[in-house]
$ cat work.csv   # CSV, C-alpha atoms and all ligand atoms
chain,number,residue,atom,x,y,z
A,1,MET,CA,28.3,-23.6,-37.1
A,2,MET,CA,26.6,-23.9,-33.8
A,3,THR,CA,25.3,-27.3,-32.9
A,4,ASN,CA,23.0,-28.2,-30.0
A,5,GLN,CA,26.1,-29.4,-28.2
A,6,ASP,CA,27.7,-26.0,-28.3
A,7,SER,CA,24.7,-24.3,-26.7
A,8,PRO,CA,25.0,-23.6,-23.0
A,9,ALA,CA,24.6,-26.7,-20.8
A,10,VAL,CA,22.3,-24.9,-18.4
A,11,ILE,CA,19.0,-24.3,-19.9
A,12,ASP,CA,16.9,-21.8,-18.1
A,13,GLU,CA,14.6,-23.6,-15.8
A,14,PRO,CA,11.0,-22.7,-16.6
A,15,ARG,CA,9.9,-20.3,-13.9
A,16,ARG,CA,7.7,-22.0,-11.3
A,17,GLN,CA,4.4,-20.3,-10.9
A,18,ASP,CA,3.7,-18.4,-7.7
A,19,LEU,CA,0.8,-19.8,-5.7
A,20,LEU,CA,0.5,-16.6,-3.6
A,21,GLY,CA,-2.1,-14.0,-4.6
A,22,LEU,CA,-4.3,-16.4,-6.6
A,23,PRO,CA,-8.0,-16.1,-5.7
A,24,LYS,CA,-9.4,-19.5,-4.8
A,25,ALA,CA,-11.1,-20.1,-8.1
A,26,GLU,CA,-7.8,-19.4,-10.0
A,27,LEU,CA,-5.8,-21.5,-7.5
A,28,ALA,CA,-8.2,-24.4,-8.3
A,29,GLU,CA,-7.7,-23.8,-12.0
A,30,VAL,CA,-3.9,-23.9,-11.9
A,31,LEU,CA,-3.7,-26.8,-9.5
A,32,ALA,CA,-6.3,-28.9,-11.4
A,33,PRO,CA,-3.9,-30.7,-13.7
A,34,HIS,CA,-1.6,-31.6,-10.8
A,35,ILE,CA,-3.7,-32.7,-7.9
A,36,ASP,CA,-5.5,-35.9,-7.3
A,37,ARG,CA,-8.6,-34.6,-5.4
A,38,PRO,CA,-10.4,-31.2,-5.8
A,39,TYR,CA,-10.3,-30.6,-2.0
A,40,ARG,CA,-6.5,-30.2,-2.3
A,41,THR,CA,-7.1,-26.6,-3.4
A,42,GLU,CA,-8.9,-25.8,-0.1
A,43,GLN,CA,-6.1,-27.5,1.8
A,44,ILE,CA,-3.5,-25.5,0.1
A,45,PHE,CA,-5.4,-22.2,0.4
A,46,ARG,CA,-5.8,-22.9,4.2
A,47,ALA,CA,-2.2,-23.8,4.6
A,48,LEU,CA,-1.2,-20.5,3.0
A,49,TYR,CA,-3.6,-18.1,4.6
A,50,GLU,CA,-4.6,-19.8,7.9
A,51,ARG,CA,-1.2,-21.2,8.9
A,52,GLY,CA,1.1,-18.9,6.8
A,53,VAL,CA,3.0,-21.9,5.4
A,54,THR,CA,5.7,-20.6,3.0
A,55,GLN,CA,7.2,-24.0,1.8
A,56,LEU,CA,5.2,-26.5,-0.2
A,57,ASP,CA,7.2,-29.2,1.5
A,58,SER,CA,5.8,-28.1,4.9
A,59,MET,CA,2.3,-28.9,3.7
A,60,THR,CA,2.4,-32.4,5.3
A,61,GLU,CA,-1.3,-32.9,4.8
A,62,LEU,CA,-0.5,-33.4,1.1
A,63,GLY,CA,1.7,-36.5,1.1
A,64,LYS,CA,5.2,-36.5,0.0
A,65,GLY,CA,4.7,-37.5,-3.6
A,66,LEU,CA,2.2,-34.8,-4.3
A,67,ARG,CA,4.3,-32.2,-2.5
A,68,GLU,CA,7.3,-33.1,-4.7
A,69,ARG,CA,5.3,-33.0,-7.9
A,70,LEU,CA,3.8,-29.6,-7.0
A,71,GLY,CA,7.2,-28.3,-6.1
A,72,THR,CA,8.5,-28.8,-9.6
A,73,VAL,CA,5.7,-26.6,-11.0
A,74,PHE,CA,4.9,-24.2,-8.3
A,75,THR,CA,6.6,-22.0,-5.7
A,76,ILE,CA,5.5,-19.9,-2.8
A,77,ALA,CA,7.4,-16.7,-3.5
A,78,THR,CA,8.2,-14.9,-0.3
A,79,PRO,CA,10.6,-12.0,-0.5
A,80,GLU,CA,14.1,-12.0,1.0
A,81,ILE,CA,14.2,-9.9,4.2
A,82,ALA,CA,17.1,-7.7,3.3
A,83,THR,CA,16.9,-5.7,6.5
A,84,ARG,CA,14.5,-5.6,9.4
A,85,SER,CA,14.7,-2.4,11.5
A,86,VAL,CA,12.9,-2.1,14.9
A,87,SER,CA,12.0,1.3,16.1
A,88,VAL,CA,12.0,2.3,19.8
A,89,ASP,CA,8.2,2.5,19.5
A,90,GLY,CA,7.9,-1.1,18.4
A,91,THR,CA,7.3,-0.3,14.7
A,92,VAL,CA,9.1,-2.7,12.4
A,93,LYS,CA,10.3,-1.8,9.0
A,94,TYR,CA,11.2,-4.4,6.5
A,95,LEU,CA,13.3,-3.9,3.4
A,96,PHE,CA,12.2,-6.8,1.1
A,97,ARG,CA,14.2,-7.9,-1.9
A,98,LEU,CA,12.0,-9.3,-4.6
A,99,SER,CA,12.9,-12.1,-7.1
A,100,ASP,CA,14.2,-9.6,-9.7
A,101,GLY,CA,16.2,-7.6,-7.2
A,102,ALA,CA,13.7,-4.8,-6.8
A,103,THR,CA,13.3,-3.6,-3.2
A,104,ILE,CA,10.3,-2.4,-1.4
A,105,GLU,CA,9.5,-1.5,2.2
A,106,THR,CA,6.7,-2.7,4.4
A,107,VAL,CA,6.0,-1.4,7.9
A,108,ASP,CA,4.4,-3.3,10.8
A,109,ILE,CA,2.9,-1.0,13.3
A,110,PRO,CA,1.7,-2.3,16.7
A,111,ASP,CA,-0.7,-0.1,18.6
A,112,GLY,CA,-2.0,-1.7,21.8
A,113,GLN,CA,-4.2,-4.5,20.8
A,114,ARG,CA,-4.2,-3.3,17.2
A,115,ARG,CA,-1.7,-4.1,14.5
A,116,THR,CA,-1.5,-2.4,11.2
A,117,LEU,CA,0.6,-3.4,8.2
A,118,CYS,CA,1.6,-0.6,5.8
A,119,ILE,CA,1.9,-2.3,2.4
A,120,SER,CA,3.6,-1.3,-0.8
A,121,SER,CA,1.9,-1.7,-4.2
A,122,GLN,CA,4.8,-0.7,-6.5
A,123,ALA,CA,8.6,-0.9,-6.2
A,124,GLY,CA,8.9,2.9,-6.3
A,125,CYS,CA,6.5,5.6,-7.4
A,126,ALA,CA,6.2,7.7,-10.5
A,127,LEU,CA,4.0,10.5,-9.1
A,128,ALA,CA,6.9,12.5,-7.6
A,129,CYS,CA,4.9,14.2,-4.8
A,130,ARG,CA,7.4,16.8,-3.5
A,131,PHE,CA,7.1,15.8,0.1
A,132,CYS,CA,7.5,12.1,-0.3
A,133,VAL,CA,10.8,10.2,-0.3
A,134,THR,CA,9.4,7.4,-2.4
A,135,GLY,CA,8.7,9.9,-5.2
A,136,TYR,CA,12.2,11.3,-4.9
A,137,TRP,CA,13.6,7.8,-5.7
A,138,GLY,CA,11.4,7.6,-8.8
A,139,GLY,CA,9.1,5.1,-10.4
A,140,GLY,CA,9.4,1.3,-10.2
A,141,ARG,CA,7.5,-1.6,-11.5
A,142,ASN,CA,4.1,-2.8,-10.4
A,143,LEU,CA,4.1,-5.5,-7.8
A,144,THR,CA,2.3,-8.8,-8.6
A,145,ALA,CA,-0.7,-9.8,-6.5
A,146,GLY,CA,1.6,-12.5,-5.0
A,147,GLU,CA,4.2,-9.9,-4.0
A,148,ILE,CA,1.5,-7.8,-2.4
A,149,VAL,CA,0.1,-10.7,-0.4
A,150,ALA,CA,3.6,-12.0,0.4
A,151,GLN,CA,4.4,-8.8,2.3
A,152,VAL,CA,1.5,-9.5,4.7
A,153,LEU,CA,2.4,-13.2,5.1
A,154,THR,CA,6.1,-12.5,5.7
A,155,ALA,CA,5.6,-9.7,8.2
A,156,LEU,CA,3.1,-11.9,10.2
A,157,GLN,CA,5.4,-15.0,10.3
A,158,GLY,CA,5.6,-16.5,13.7
A,159,PRO,CA,3.9,-18.9,16.1
A,160,ASN,CA,0.8,-16.6,16.4
A,161,PHE,CA,0.3,-16.2,12.6
A,162,ARG,CA,-3.1,-14.9,12.0
A,163,LEU,CA,-4.6,-12.7,9.3
A,164,GLU,CA,-7.9,-12.1,11.0
A,165,GLY,CA,-7.9,-8.9,13.0
A,166,VAL,CA,-4.9,-7.3,11.3
A,167,ASN,CA,-5.4,-3.9,9.7
A,168,LEU,CA,-3.9,-3.3,6.2
A,169,VAL,CA,-3.2,0.1,4.8
A,170,PHE,CA,-2.0,0.5,1.2
A,171,MET,CA,0.1,3.5,2.2
A,172,GLY,CA,3.5,2.1,1.5
A,173,MET,CA,5.5,2.6,-1.6
A,174,GLY,CA,3.6,3.3,-4.8
A,175,GLU,CA,0.3,4.3,-6.1
A,176,PRO,CA,-2.1,1.4,-5.6
A,177,LEU,CA,-4.6,2.6,-8.2
A,178,LEU,CA,-1.9,2.5,-10.9
A,179,ASN,CA,-1.7,-1.2,-10.2
A,180,LEU,CA,-5.3,-2.1,-10.2
A,181,GLU,CA,-5.2,-5.6,-11.5
A,182,ALA,CA,-2.8,-6.9,-8.9
A,183,LEU,CA,-4.4,-4.8,-6.2
A,184,SER,CA,-7.9,-6.2,-6.8
A,185,LYS,CA,-6.6,-9.8,-7.0
A,186,ALA,CA,-4.6,-9.4,-3.8
A,187,LEU,CA,-7.7,-8.0,-2.1
A,188,VAL,CA,-9.9,-10.8,-3.3
A,189,VAL,CA,-7.5,-13.2,-1.6
A,190,LEU,CA,-6.9,-11.1,1.6
A,191,THR,CA,-10.6,-10.4,2.2
A,192,GLU,CA,-11.2,-14.1,2.6
A,193,LYS,CA,-9.6,-13.7,6.0
A,194,ILE,CA,-9.5,-10.0,6.7
A,195,SER,CA,-12.6,-7.9,6.8
A,196,ARG,CA,-12.8,-5.3,4.0
A,197,ARG,CA,-13.4,-2.7,6.8
A,198,ARG,CA,-9.9,-3.4,8.1
A,199,ILE,CA,-8.3,-2.6,4.7
A,200,THR,CA,-7.7,0.9,3.4
A,201,VAL,CA,-6.5,1.8,0.0
A,202,SER,CA,-4.9,5.3,-0.2
A,203,THR,CA,-4.6,7.1,-3.5
A,204,ALA,CA,-3.2,10.4,-4.7
A,205,GLY,CA,-6.5,10.7,-6.6
A,206,ILE,CA,-6.2,8.5,-9.7
A,207,ILE,CA,-9.8,9.1,-11.0
A,208,PRO,CA,-10.1,6.0,-13.3
A,209,GLY,CA,-8.9,3.8,-10.5
A,210,ILE,CA,-11.5,5.3,-8.1
A,211,GLU,CA,-14.1,4.7,-10.7
A,212,ALA,CA,-13.0,1.1,-11.0
A,213,MET,CA,-13.0,0.6,-7.3
A,214,ALA,CA,-16.5,1.9,-7.1
A,215,ARG,CA,-17.6,-1.1,-9.3
A,216,TRP,CA,-15.9,-3.7,-7.1
A,217,THR,CA,-18.2,-5.9,-5.2
A,218,VAL,CA,-15.9,-6.1,-2.2
A,219,ARG,CA,-14.6,-2.6,-1.6
A,220,PRO,CA,-11.9,-1.7,1.0
A,221,ARG,CA,-12.0,1.7,2.6
A,222,LEU,CA,-10.9,4.5,0.5
A,223,ALA,CA,-8.4,7.2,1.5
A,224,ILE,CA,-7.6,10.2,-0.6
A,225,SER,CA,-4.3,12.1,-0.2
A,226,LEU,CA,-5.6,15.6,-0.4
A,227,HIS,CA,-2.8,17.8,1.1
A,228,ALA,CA,-4.0,21.1,-0.3
A,229,PRO,CA,-7.4,22.7,-0.7
A,230,ASP,CA,-6.9,24.3,-4.1
A,231,ASP,CA,-5.4,23.3,-7.5
A,232,GLU,CA,-2.7,25.8,-7.5
A,233,ARG,CA,-1.0,24.5,-4.3
A,234,ARG,CA,-2.0,20.9,-4.8
A,235,THR,CA,-0.3,20.9,-8.3
A,236,ARG,CA,2.8,22.4,-6.9
A,237,ILE,CA,3.3,19.6,-4.3
A,238,MET,CA,1.5,16.8,-6.2
A,239,PRO,CA,2.1,17.0,-10.0
A,240,ILE,CA,-0.6,14.4,-10.6
A,241,ASN,CA,-3.2,17.1,-9.7
A,242,GLN,CA,-2.6,18.5,-13.1
A,243,LYS,CA,-4.1,15.4,-14.7
A,244,TYR,CA,-6.8,14.9,-12.1
A,245,PRO,CA,-7.7,18.3,-10.7
A,246,LEU,CA,-9.8,18.8,-7.6
A,247,ALA,CA,-13.1,19.5,-9.2
A,248,ASP,CA,-13.0,16.3,-11.2
A,249,LEU,CA,-11.8,14.3,-8.2
A,250,MET,CA,-14.6,15.7,-6.0
A,251,ARG,CA,-17.2,14.9,-8.6
A,252,VAL,CA,-16.2,11.3,-8.7
A,253,LEU,CA,-16.0,11.1,-4.9
A,254,ARG,CA,-19.5,12.5,-4.6
A,255,HIS,CA,-20.8,9.4,-6.4
A,256,TYR,CA,-18.5,6.9,-4.7
A,257,PRO,CA,-20.6,4.2,-3.0
A,258,THR,CA,-19.9,4.0,0.7
A,259,GLU,CA,-21.6,1.7,3.3
A,260,PRO,CA,-24.1,3.4,5.6
A,261,ARG,CA,-21.7,4.7,8.3
A,262,GLU,CA,-18.6,4.5,6.2
A,263,LYS,CA,-16.6,7.6,5.5
A,264,ILE,CA,-14.0,8.5,2.9
A,265,THR,CA,-10.8,9.5,4.7
A,266,PHE,CA,-9.0,12.6,3.4
A,267,GLU,CA,-5.3,12.6,4.4
A,268,TYR,CA,-4.0,16.1,4.8
A,269,LEU,CA,-0.3,16.6,5.2
A,270,LEU,CA,0.4,19.7,7.3
A,271,ILE,CA,3.4,21.6,6.0
A,272,LYS,CA,4.5,24.7,7.9
A,273,ASP,CA,3.4,27.9,6.2
A,274,LEU,CA,2.3,26.1,3.0
A,275,ASN,CA,-1.1,24.6,3.9
A,276,ASP,CA,-1.6,25.0,7.6
A,277,ALA,CA,-3.4,28.3,7.9
A,278,MET,CA,-6.9,28.5,9.5
A,279,ALA,CA,-8.2,29.7,6.1
A,280,ASP,CA,-6.9,26.5,4.6
A,281,ALA,CA,-8.9,24.5,7.2
A,282,ASP,CA,-12.0,26.5,6.1
A,283,ALA,CA,-11.2,25.7,2.5
A,284,VAL,CA,-11.0,22.0,3.3
A,285,VAL,CA,-14.4,22.1,5.0
A,286,LYS,CA,-15.8,23.9,1.9
A,287,LEU,CA,-14.3,21.3,-0.4
A,288,ILE,CA,-15.3,18.1,1.4
A,289,GLY,CA,-17.8,19.2,4.0
A,290,ASN,CA,-20.8,17.9,2.1
A,291,LEU,CA,-19.3,14.4,1.6
A,292,ALA,CA,-19.3,11.4,4.1
A,293,ALA,CA,-15.8,12.3,4.9
A,294,LYS,CA,-13.3,12.4,7.8
A,295,VAL,CA,-9.9,14.0,7.8
A,296,ASN,CA,-6.6,12.5,9.0
A,297,LEU,CA,-4.1,15.2,9.6
A,298,ILE,CA,-0.4,14.1,9.1
A,299,PRO,CA,2.2,16.5,10.4
A,300,LEU,CA,5.0,16.4,7.8
A,301,ASN,CA,7.8,13.9,8.5
A,302,PRO,CA,11.0,15.7,7.4
A,303,ASP,CA,13.7,13.8,5.5
A,304,PRO,CA,17.1,15.0,4.4
A,305,VAL,CA,16.3,14.4,0.7
A,306,LEU,CA,13.3,16.7,0.8
A,307,ASP,CA,13.4,20.5,0.2
A,308,PRO,CA,14.5,22.1,3.4
A,309,GLU,CA,11.6,24.5,3.2
A,310,PHE,CA,9.2,21.5,3.9
A,311,GLN,CA,9.0,21.8,7.7
A,312,THR,CA,6.6,20.4,10.3
A,313,PRO,CA,4.3,22.9,11.8
A,314,PRO,CA,4.4,23.3,15.6
A,315,ASN,CA,2.0,21.0,17.5
A,316,SER,CA,-0.1,24.0,18.5
A,317,ARG,CA,-0.8,24.8,14.9
A,318,VAL,CA,-1.7,21.1,14.2
A,319,ASP,CA,-4.1,21.2,17.1
A,320,ALA,CA,-5.6,24.5,16.0
A,321,PHE,CA,-6.1,23.2,12.5
A,322,ARG,CA,-7.9,20.1,13.8
A,323,ARG,CA,-10.1,22.2,16.1
A,324,ARG,CA,-11.0,24.5,13.2
A,325,LEU,CA,-12.2,21.4,11.2
A,326,MET,CA,-14.0,19.9,14.1
A,327,GLY,CA,-15.7,23.3,14.9
A,328,GLN,CA,-17.3,23.1,11.4
A,329,GLY,CA,-18.6,19.5,11.9
A,330,LEU,CA,-15.8,17.6,10.3
A,331,THR,CA,-14.3,14.6,12.1
A,332,ALA,CA,-10.6,15.0,12.2
A,333,THR,CA,-7.8,13.0,13.8
A,334,ILE,CA,-4.1,13.5,14.0
A,335,ARG,CA,-1.9,10.7,12.8
A,336,LYS,CA,0.7,9.6,15.3
A,337,ARG,CA,4.2,9.6,14.0
A,338,ARG,CA,5.6,6.1,14.2
A,339,GLY,CA,8.9,4.5,13.4
A,340,ASP,CA,10.6,7.7,12.3
A,341,ASP,CA,13.9,6.7,14.1
A,342,VAL,CA,14.2,3.9,11.5
A,343,SER,CA,12.8,6.0,8.6
A,344,ALA,CA,9.6,4.0,8.6
A,345,ALA,CA,7.2,6.9,9.0
A,346,CYS,CA,4.8,8.1,6.3
A,347,GLY,CA,6.6,9.4,3.3
A,348,GLN,CA,10.0,8.0,4.3
A,349,LEU,CA,10.0,4.7,2.4
A,350,ARG,CA,12.5,4.4,-0.3
A,351,ALA,CA,13.8,1.9,-2.9
A,352,THR,CA,17.4,1.1,-2.2
A,353,ASP,CA,18.4,-1.0,-5.2
A,354,ARG,CA,19.2,2.1,-7.3
A,355,GLU,CA,20.1,5.8,-7.2
A,356,PRO,CA,17.3,8.3,-6.6
A,357,ARG,CA,15.9,10.1,-9.6
A,358,GLY,CA,15.4,13.3,-7.7
A,359,PHE,CA,12.7,15.9,-8.3
A,360,ARG,CA,13.3,17.1,-11.9
A,361,ARG,CA,11.3,20.2,-12.0
A,362,SER,CA,12.3,22.9,-9.6
A,363,ASN,CA,8.9,24.4,-9.0
A,364,LEU,CA,9.2,23.7,-5.3
A,365,ARG,CA,9.3,27.1,-3.9
A,366,PHE,CA,6.3,28.4,-2.1
A,401,LIG,N1,0.2,6.9,-3.5
A,401,LIG,C1,-0.7,6.7,-2.5
A,401,LIG,C2,-0.3,5.7,-1.4
A,401,LIG,C3,0.9,6.2,-0.6
A,401,LIG,S1,0.3,6.7,0.8
A,401,LIG,C4,-1.2,8.0,-1.9
A,401,LIG,O1,-0.6,9.0,-2.2
A,401,LIG,O2,-2.1,8.1,-1.1
A,401,LIG,C5,1.5,7.5,1.6
A,401,LIG,C6,1.0,8.5,2.6
A,401,LIG,O3,2.1,9.1,3.3
A,401,LIG,C7,0.2,9.6,1.9
A,401,LIG,O4,-0.9,10.0,2.6
A,401,LIG,C8,1.2,10.6,1.8
A,401,LIG,O5,0.7,11.8,1.6
A,401,LIG,C9,1.9,10.5,3.1
A,401,LIG,N2,3.2,11.1,3.1
A,401,LIG,C10,4.1,11.3,2.1
A,401,LIG,N3,5.2,12.0,2.4
A,401,LIG,C11,5.0,12.3,3.7
A,401,LIG,C12,5.8,13.0,4.6
A,401,LIG,N4,7.0,13.5,4.2
A,401,LIG,N5,5.4,13.1,5.9
A,401,LIG,C13,4.2,12.6,6.2
A,401,LIG,N6,3.4,11.9,5.4
A,401,LIG,C14,3.8,11.8,4.1

$ encode --input "work.csv" --output "structure tokens"
Amino acid sequence: MMTNQDSPAVIDEPRRQDLLGLPKAELAEVLAPHIDRPYRTEQIFRALYERGVTQLDSMTELGKGLRERLGTVFTIATPEIATRSVSVDGTVKYLFRLSDGATIETVDIPDGQRRTLCISSQAGCALACRFCVTGYWGGGRNLTAGEIVAQVLTALQGPNFRLEGVNLVFMGMGEPLLNLEALSKALVVLTEKISRRRITVSTAGIIPGIEAMARWTVRPRLAISLHAPDDERRTRIMPINQKYPLADLMRVLRHYPTEPREKITFEYLLIKDLNDAMADADAVVKLIGNLAAKVNLIPLNPDPVLDPEFQTPPNSRVDAFRRRLMGQGLTATIRKRRGDDVSAACGQLRATDREPRGFRRSNLRF
């Protein structure tokens, strides 16, 4: 018979609660039983998001006793930096290892006075877009709000830590609108310091998620990964289009509330001979021309795991495509390729803690 004494000596320590990613009201709630004065919440919130403090013990404004007590219940869960790769263009790619071993990538892109962090929302992606390395690796779990916020805090660590002025794009690994709860909570926290206008959430077109975002009081900017102007081609390269086809997507976007001068960004990957014809530019104009929209053209970043038929169009074609859109009154920009020498460019982020799933269905040919 097993007695208490036979049971393993080490009893699993109860998991300490992560303080990151809690909106101020929730932070106050979880701290309440453990703090002596209500203003401690504000002190802790500031330490986290104004100074980037990642150790409770470094919050010296709290007094040693309180710090120690809090340390038995709470943690500030920053990820382990598994690798940090610096591109010749200054772009920094982090491979972060999370508490359960899952890995994600986060990219820090300096651009003159600007700085943009490309944030992951899931530890993988189930959508299996044919041009995207994250999709090739397969789905992973949702990140918590704390894990989303921690990417930002960890990437910004240093003597000049400052959230204000940084741009955030949810264009890393995962589909943010399939992780709405954590996303919205992380945004409530981050928009305390970062203007909502500096934050962009990019989606492959998850309609219920867009409808949910439309109801948020603090809305970041919205970007839609369009990539093809008709259902036939879009479904071929983005299987999610079967579930949320273009007509439905456009109907929802027509009702999406934008601020007076705000535009929805349509990201359009240019793939040689697949979607880069002048007729395709015309079709894009027809599709989105009557929305408050702008287009961000992304010349395909190749990767060895992708189908070799996915090639980058020549620059002349990219420029011509842009001019064709502009000629019909659409604002269009071309996304600069950054960090590709360290596989940090768009579509090149991958999970490394497991084998890739690959693209199961072989309907790739075009
Ligand atoms: N799931 C969301 C968020 C990821 S964003 C979405 O689809 O919008 C990732 C961005 O990188 C998307 O605009 C995507 O289309 C783009 N991308 C993916 N693979 C790419 C590649 N091989 N080259 C260039 N851009 C790519």

$ closest_atom_pairs --input "work.csv" --of "chain A" --to "ligand LIG 401 (chain A)" --cutoff "8 Å" --atoms "all atoms listed in the file" --output "CSV"
residue,atom,partner,partner_atom,distance
A:Ser120,CA,A:LIG401,C3,8.0
A:Cys125,CA,A:LIG401,N1,7.5
A:Leu127,CA,A:LIG401,N1,7.7
A:Cys129,CA,A:LIG401,C10,7.5
A:Arg130,CA,A:LIG401,N3,7.9
A:Phe131,CA,A:LIG401,N4,4.7
A:Cys132,CA,A:LIG401,N3,3.5
A:Val133,CA,A:LIG401,N3,6.5
A:Thr134,CA,A:LIG401,N3,7.9
A:Phe170,CA,A:LIG401,C2,6.1
A:Met171,CA,A:LIG401,S1,3.5
A:Gly172,CA,A:LIG401,C3,5.3
A:Met173,CA,A:LIG401,C3,5.9
A:Gly174,CA,A:LIG401,N1,5.1
A:Glu175,CA,A:LIG401,N1,3.7
A:Pro176,CA,A:LIG401,C2,6.3
A:Leu177,CA,A:LIG401,N1,8.0
A:Val201,CA,A:LIG401,C2,7.5
A:Ser202,CA,A:LIG401,O2,4.1
A:Thr203,CA,A:LIG401,O2,3.6
A:Ala204,CA,A:LIG401,O1,3.9
A:Gly205,CA,A:LIG401,O2,7.5
A:Ala223,CA,A:LIG401,O2,6.9
A:Ile224,CA,A:LIG401,O2,5.9
A:Ser225,CA,A:LIG401,O2,4.7
A:Leu226,CA,A:LIG401,O5,7.6
A:His227,CA,A:LIG401,O5,7.0
A:Glu267,CA,A:LIG401,O4,5.4
A:Tyr268,CA,A:LIG401,O5,7.1
A:Leu269,CA,A:LIG401,N6,6.0
A:Ile298,CA,A:LIG401,C13,5.6
A:Pro299,CA,A:LIG401,C13,6.1
A:Leu300,CA,A:LIG401,N5,3.8
A:Asn301,CA,A:LIG401,N5,3.6
A:Pro302,CA,A:LIG401,N4,5.6
A:Asp303,CA,A:LIG401,N4,6.8
A:Leu306,CA,A:LIG401,N4,7.8
A:Ala345,CA,A:LIG401,C13,7.0
A:Cys346,CA,A:LIG401,N6,4.1
A:Gly347,CA,A:LIG401,N3,3.1
A:Gln348,CA,A:LIG401,N4,6.3

$ atom_distance --input "work.csv" --atom1 "CA of Gly124 in chain A" --atom2 "CA of Thr103 in chain A"
8.4 Å

$ atom_distance --input "work.csv" --atom1 "CA of Gln151 in chain A" --atom2 "CA of Tyr244 in chain A"
29.9 Å

$ residues_around --input "work.csv" --residues "Gly358 in chain A" --least-positions-apart "2" --cutoff "8 Å" --atoms "only C-alpha atoms" --output "list of chain:residue names"
A:Gly135, A:Tyr136, A:Trp137, A:Gly138, A:Pro356, A:Arg360

$ write_last_selection --input "work.csv" --atoms "C-alpha atoms" --output "tab-separated table (two decimals), in the coordinates of the input"
chain	number	residue	atom	x	y	z
A	135	GLY	CA	8.70	9.90	-5.20
A	136	TYR	CA	12.20	11.30	-4.90
A	137	TRP	CA	13.60	7.80	-5.70
A	138	GLY	CA	11.40	7.60	-8.80
A	356	PRO	CA	17.30	8.30	-6.60
A	360	ARG	CA	13.30	17.10	-11.90

$ closest_residue --input "work.csv" --among "A:Met278, A:Ala344, A:Ala247, A:Ile334" --to "Val295 in chain A" --atoms "all atoms listed in the file"
A:Ile334

$ atom_distance --input "work.csv" --atom1 "CA of Asp230 in chain A" --atom2 "CA of Arg324 in chain A"
17.8 Å

$ residues_near_point --input "work.csv" --point "(3.6, 31.0, 5.0)" --cutoff "12 Å" --atoms "all atoms listed in the file" --output "PyMOL selection string"
chain A and resi 270-280+309-311+313+365-366

$ closest_residue --input "work.csv" --among "A:Gly329, A:Pro14, A:Pro110, A:Gly289" --to "Ser87 in chain A" --atoms "all atoms listed in the file"
A:Pro110

$ closest_atom_pairs --input "work.csv" --of "range 304-358 of chain A" --to "range 95-101 of chain A" --cutoff "10 Å" --atoms "only C-alpha atoms" --output "Markdown table"
| residue | atom | partner | partner_atom | distance |
| --- | --- | --- | --- | --- |
| A:Leu349 | CA | A:Leu95 | CA | 9.3 |
| A:Arg350 | CA | A:Leu95 | CA | 9.1 |
| A:Ala351 | CA | A:Leu95 | CA | 8.6 |
| A:Thr352 | CA | A:Leu95 | CA | 8.6 |
| A:Asp353 | CA | A:Gly101 | CA | 7.2 |

$ closest_residue --input "work.csv" --among "A:Gly209, A:Gly158, A:Pro220, A:Gly165" --to "Lys193 in chain A" --atoms "all atoms listed in the file"
A:Gly165

$ closest_residue --input "work.csv" --among "A:Lys294, A:Arg261, A:Arg322, A:Lys185" --to "Ala25 in chain A" --atoms "only C-alpha atoms"
A:Lys185
